[in-house]
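Input: a single structure, listed below in structure tokens.
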Amino acid sequence: MKSGPVRPVEGEQITVLIEVGGLPVTHVATAGRVRESTMIVPRKAGDARWSAEPQGQAVVIFAHGGRLHSWPMRVEEVLPSSYYLVSLRDPMAGERREFVRTMVEVEISLTPHGAPTGPFGHAAIDLSASGLRLLTDVQVRTGDLVDLVLRSAGQGPDISAVARVVRRLTSRNGVELAVEFVELNSADEGRMQELVFKAREALLAQRIARREFS
């Protein structure tokens, strides 16, 4: 018999994209009680931005079987320490490459796989949940494995990954590498998602501010 859509399990790390005052806010959380069409998500204490109102929209993102799944939901009730979410439709699976991407300012170390971690340098990278693009002077070839460590102010622990070089382009600005993650644990994947979402939040807020005050 064909199984139905997968859902997060209680205690699993998830990423929640939720609407607060008309703006998207993200939060990496631990799934609470999960049922077929409902879910409990702990509230983020001490963060005024994480204060959604009832009937606001939310998307729960979680990993299962090496793929990302998104579950569109609605904030049915705001409880003292959690949100009670109700499903709008079943979770949908997608490849990691379908995940949203954006430009992110980070400190990054990129070294050939297995070599000692190299120095960190500031870079603007094109980041998604499947990989990234950046300019570098590290000598690697297409197909090589590299070790990456990303460090972003205020975003918690470093993010570590092993990636494969899928494209190498030389331009007047240097060498641009496109790499695809091949080893990324679930905790680092969650931090990567939050990093991407928070960068998009900032860009959206800037665009709204320009419209309001120009």
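Note on naming: chains are A, B, ... as they come in the structure tokens, residues start from 1 per chain, ligands start from 1 in the order shown.
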Practice item. List every residue of stretch 41-202 of chain A that DSSP, applied to the backbone, labels as helix (DSSP H, G or I), and write the result as a VMD selection string. Key: chain A and resid 96 to 98 186 to 202
Keeping C-alpha atoms, export the residues of the selection given above as a JSON list (two decimals), in the first residue's frame.
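Below is the file again.json, written as the result:
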[["chain", "number", "residue", "atom", "x", "y", "z"],
["A", 96, "ARG", "CA", 17.72, 20.60, -2.03],
["A", 97, "ARG", "CA", 18.53, 22.50, -5.24],
["A", 98, "GLU", "CA", 14.92, 23.75, -5.29],
["A", 186, "SER", "CA", 21.24, 17.92, 9.75],
["A", 187, "ALA", "CA", 22.23, 20.51, 12.39],
["A", 188, "ASP", "CA", 24.44, 22.39, 9.91],
["A", 189, "GLU", "CA", 21.75, 22.13, 7.24],
["A", 190, "GLY", "CA", 19.29, 23.75, 9.65],
["A", 191, "ARG", "CA", 21.75, 26.58, 10.35],
["A", 192, "MET", "CA", 22.30, 26.96, 6.59],
["A", 193, "GLN", "CA", 18.55, 27.33, 6.04],
["A", 194, "GLU", "CA", 18.30, 29.95, 8.78],
["A", 195, "LEU", "CA", 21.26, 31.86, 7.32],
["A", 196, "VAL", "CA", 19.63, 31.98, 3.87],
["A", 197, "PHE", "CA", 16.23, 32.98, 5.22],
["A", 198, "LYS", "CA", 17.59, 35.72, 7.49],
["A", 199, "ALA", "CA", 19.54, 37.24, 4.58],
["A", 200, "ARG", "CA", 16.33, 37.32, 2.52],
["A", 201, "GLU", "CA", 14.44, 38.88, 5.45],
["A", 202, "ALA", "CA", 16.99, 41.70, 5.56]]
Counting only C-alpha atoms, give me one row per residue of stretch 25-138 of chain A with an atom at most 9 Å from an atom of stretch 172-182 of chain A, showing the shortest contact pair and its distance in Å to one decimal, sorted by chain then residue number, as a tab-separated table.
residue	atom	partner	partner_atom	distance
A:Ala129	CA	A:Phe181	CA	8.2
A:Ser130	CA	A:Phe181	CA	5.8
A:Gly131	CA	A:Glu180	CA	4.2
A:Leu132	CA	A:Val179	CA	5.6
A:Arg133	CA	A:Ala178	CA	4.4
A:Leu134	CA	A:Glu176	CA	5.5
A:Leu135	CA	A:Glu176	CA	4.3
A:Thr136	CA	A:Val175	CA	5.7
A:Asp137	CA	A:Val175	CA	6.4
A:Val138	CA	A:Val175	CA	8.6
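Each of A:Glu107, A:Ala115, A:Arg164, A:Thr170 was checked against A:Arg151 using only C-alpha atoms; the smallest atom-to-atom distance is that of A:Glu107.
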Review point. Could you work out how far atom CA of A:Thr38 lies from atom CA of A:Arg7, giving the answer in Å with one decimal?
Key: 10.2 Å
Point to revise | Which of stretch 52-142 of chain A DSSP labels strand (DSSP E or B), written as JSON, numbers by chain | key: {"A": [57, 58, 59, 60, 61, 62, 63, 64, 67, 68, 69, 70, 71, 72, 73, 74, 75, 76, 77, 78, 82, 83, 84, 85, 86, 87, 92, 93, 94, 102, 103, 104, 105, 106, 107, 108, 109, 110, 111, 112, 121, 122, 123, 124, 125, 126, 127, 131, 132, 133, 134, 135, 136]}
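With only C-alpha atoms as the atoms that count, the minimum distance from A:Ala161 to the choices A:Thr142, A:Asn185, A:Thr26, A:Ser81 is reached by A:Asn185.
Of the residues listed (A:Leu148, A:Ala31, A:Leu88, A:Ala93), A:Ala93 shows the shortest atom-to-atom separation from A:Ala63; distances use only C-alpha atoms.
In this structure, atom CA of A:Thr30 sits 17.6 Å away from atom CA of A:Arg74.
A straight line drawn from atom CA of A:His122 to atom CA of A:Ile108 is 6.4 Å long.
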Practice item. Find the residues around A:Ala58 up to 7 Å (only C-alpha atoms counted), leave out those fewer than 5 positions away in its own chain, and share them as a VMD selection string. Key: chain A and resid 16 to 19 72 to 75
